[in-house]
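Participant: Mind having a look at this structure? Questions to follow.
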Amino acid sequence: MDQKTMLSLIEKYLNGTATTEEREILLDWYRREADQPATWEASSVEDITRLKSRMLGQLKQHVRKTRKPVSLLHRWRLAAAVLVLAAGGLVMARIFLPGTRNVPEKTLLTGKGERKKIRLPDSTLVWLAPCSELKYPEQFEGDQRIVQLSGEAFFEVTSNAQRPFIIHTQSLTTKVLGTAFNIHAYPEDTLITVTLLNGSVILNDEQRLMPMQKGFFGKNSRSLSYVDDPDAALMLQRREGELEYNNVKLGIIAKDLERLFNVTVTIEEDAKECLFYGRIKANEDIETFLTKLSRVVGVKINTKGNKYFIQKGKC
């Protein structure tokens, strides 16, 4: 089995999307390779432990569910195959890490209230939002351009039909050839959102987005959905720090405020559902915006140092 096919099967297996036939192909491969040494580069101990735990757990589940008798030796060889692969870092660099083999990886970080713009090795432009992290190789090699994002970023991907651009964000993979879009994927949020301005992207190899559409991936439900988004162009303003809201819940806005202004915002439970129509202007301070928010929505705001408390009021 060639490397690309094997990696694809392992990723499907771990995500629970592999067919019965694909699972059997992968398991047969493990059985054959159980006594073979791993030859790829090692990954971090944390990544190896995570992979080992996931794969062994699912293999044990498979053994328990199968109706065919499985010998002790057979089970041992199967487990040994996983351990050999994990210990050698056989899969980690391709599934969980964005870099390519033997290519140094860079990490770009932003703190609260901080934004950064970067040009990647293929000339793709990235606007990284506050409290975000982007991992990428110093040079893209092979037939794919792969990066990893935690947080939010706007991408203008350089078109290359032969080398798709792939972004890993926790449980969602976004594949593009050349397009402009925004990804909102903070670890603490239950939804990953992809907003497409132009071009085309594919989410988890199954859901294609067209221009002016917004895709959603539910971390808990593991489901994909999308809606038409006539306001998608607002992402161009958002990447520069100007956030416009069209009847957005205050619970969502409160999270933006914390990331933008490096403050703590505590919002009363009843106030989280209140809707706001307006914007945070670039370089606007939080006090100015909250005064506007209070006037438009009718909420009450109390301040103590860099801590802000929002109460429902009349909204």
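Going through the structure tokens in order, the chains are called A, B, and so on, while each chain numbers its residues from 1 and the ligands are numbered from 1 in the order shown.
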Can you tell me which residues surround range 131-134 of chain A at a distance of at most 8 Å, considering only C-alpha atoms, apart from same-chain residues fewer than 5 positions away, and format the answer as a list in words?

Facilitator: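 Near range 131-134 of chain A, the qualifying residues are Thr107, Leu108, Leu109, Thr110, Gly111, Lys112, Gly113, Glu114, Val147, Gln148, Leu149, Ser150, Gly151, Glu152, Ala153, Tyr186 and Arg259 of chain A.
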
Participant: Find the residues around range 275-281 of chain A up to 6 Å (only C-alpha atoms counted), leave out those fewer than 3 positions away in its own chain, and share them as a list in words.

Facilitator: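 Listing them by chain and then by number gives Glu242, Leu243, Glu244, Tyr245, Asn246, Asn247, Val248, Lys249 and Glu284 of chain A.
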
Participant: Run DSSP on the backbone of this structure and report the residues of range 191-304 of chain A it assigns to strand (DSSP E or B), as a PyMOL selection string.

Facilitator: chain A and resi 191-198+201-203+207-209+213-218+224-228+243-249+264-267+275-280+300-304

Participant: Which one is closest to Glu138 in chain A: A:Asp229, A:Glu206, A:Glu22, A:Glu105? Count only C-alpha atoms.

Facilitator: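 Checking each candidate against Glu138 in chain A, we get A:Glu105 as the closest.
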
Participant: Fewer than 3 positions away in the same chain doesn't count, so skip those; otherwise give me all residues within 12 Å of Phe140 in chain A, counting only C-alpha atoms, as an MDAnalysis selection string.

Facilitator: chainID A and resid 98:106 120:124 136:137 143:147 163:166

Participant: Can you list, as a list in words, all residues belonging to range 79-201 of chain A that DSSP tags as helix (DSSP H, G or I)?

Facilitator: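 Residues of range 79-201 of chain A classed as helix (DSSP H, G or I): Ala79, Ala80, Ala81, Val82, Leu83, Val84, Leu85, Ala86, Ala87, Met92, Ala93, Arg94 and Ile95 of chain A.
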
Participant: Nearest to Leu290 in chain A among A:Leu250, A:Met210, A:Ser221, A:Glu268, with distances taken over only C-alpha atoms: which residue is it?

Facilitator: A:Leu250

Participant: When you draw a straight line from CA of Glu258 in chain A to CA of Val299 in chain A, how long is it in Å?

Facilitator: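 That distance, rounded to one decimal, is 17.7 Å.
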
Participant: Identify, on the basis of only C-alpha atoms, every residue whose closest approach to Gln207 in chain A does not exceed 10 Å; exclude the query and any residue fewer than 2 positions from it along the same chain; express the result as an mmCIF file with N, CA, C and O atoms, in the first residue's frame.

Facilitator:
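Resulting contents of around-v3.cif:
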data_model
loop_
_atom_site.group_PDB
_atom_site.id
_atom_site.type_symbol
_atom_site.label_atom_id
_atom_site.label_comp_id
_atom_site.auth_asym_id
_atom_site.auth_seq_id
_atom_site.Cartn_x
_atom_site.Cartn_y
_atom_site.Cartn_z
ATOM 1 N N THR A 174 -9.983 21.735 5.782
ATOM 2 C CA THR A 174 -10.465 22.579 4.694
ATOM 3 C C THR A 174 -9.462 22.511 3.556
ATOM 4 O O THR A 174 -8.287 22.822 3.731
ATOM 5 N N VAL A 201 -14.106 25.740 -1.626
ATOM 6 C CA VAL A 201 -13.392 24.945 -0.636
ATOM 7 C C VAL A 201 -14.190 23.675 -0.347
ATOM 8 O O VAL A 201 -15.397 23.631 -0.553
ATOM 9 N N ILE A 202 -13.496 22.649 0.115
ATOM 10 C CA ILE A 202 -14.136 21.389 0.478
ATOM 11 C C ILE A 202 -13.832 21.099 1.942
ATOM 12 O O ILE A 202 -12.671 21.108 2.361
ATOM 13 N N LEU A 203 -14.878 20.839 2.712
ATOM 14 C CA LEU A 203 -14.741 20.584 4.138
ATOM 15 C C LEU A 203 -14.786 19.086 4.400
ATOM 16 O O LEU A 203 -15.750 18.406 4.029
ATOM 17 N N ASN A 204 -13.727 18.572 5.024
ATOM 18 C CA ASN A 204 -13.629 17.140 5.353
ATOM 19 C C ASN A 204 -13.908 16.229 4.161
ATOM 20 O O ASN A 204 -14.497 15.149 4.294
ATOM 21 N N ASP A 205 -13.519 16.673 2.984
ATOM 22 C CA ASP A 205 -13.663 15.873 1.757
ATOM 23 C C ASP A 205 -15.110 15.509 1.437
ATOM 24 O O ASP A 205 -15.365 14.562 0.680
ATOM 25 N N LEU A 209 -18.210 24.242 -0.402
ATOM 26 C CA LEU A 209 -18.797 25.564 -0.251
ATOM 27 C C LEU A 209 -18.590 26.369 -1.519
ATOM 28 O O LEU A 209 -17.546 26.279 -2.163
ATOM 29 N N MET A 210 -19.592 27.160 -1.866
ATOM 30 C CA MET A 210 -19.515 28.068 -2.999
ATOM 31 C C MET A 210 -19.402 29.500 -2.464
ATOM 32 O O MET A 210 -19.652 29.753 -1.280
ATOM 33 N N GLY A 215 -19.931 27.649 6.070
ATOM 34 C CA GLY A 215 -20.034 26.263 6.495
ATOM 35 C C GLY A 215 -19.804 26.128 7.987
ATOM 36 O O GLY A 215 -19.037 26.895 8.588
ATOM 37 N N PHE A 216 -20.465 25.137 8.600
ATOM 38 C CA PHE A 216 -20.352 24.907 10.038
ATOM 39 C C PHE A 216 -20.000 23.444 10.302
ATOM 40 O O PHE A 216 -20.555 22.542 9.666
ATOM 41 N N LEU A 224 -21.652 18.393 9.470
ATOM 42 C CA LEU A 224 -21.399 19.550 8.620
ATOM 43 C C LEU A 224 -22.713 20.126 8.118
ATOM 44 O O LEU A 224 -23.656 19.394 7.824
ATOM 45 N N SER A 225 -22.755 21.462 8.004
ATOM 46 C CA SER A 225 -23.912 22.131 7.423
ATOM 47 C C SER A 225 -23.430 23.442 6.811
ATOM 48 O O SER A 225 -22.283 23.848 7.005
ATOM 49 N N TYR A 226 -24.320 24.110 6.067
ATOM 50 C CA TYR A 226 -23.933 25.398 5.478
ATOM 51 C C TYR A 226 -25.172 26.243 5.231
ATOM 52 O O TYR A 226 -26.302 25.743 5.179
#

Participant: Between A:Asn262, A:Asp270, A:Tyr308, A:Met212, which one has atoms that come closest to Glu287 in chain A, using only C-alpha atoms?

Facilitator: A:Tyr308

Participant: What does the structure give for the distance between CA of Arg23 in chain A and CA of Ile167 in chain A, in Å to one decimal?

Facilitator: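 Distance reported for this atom pair: 25.2 Å.
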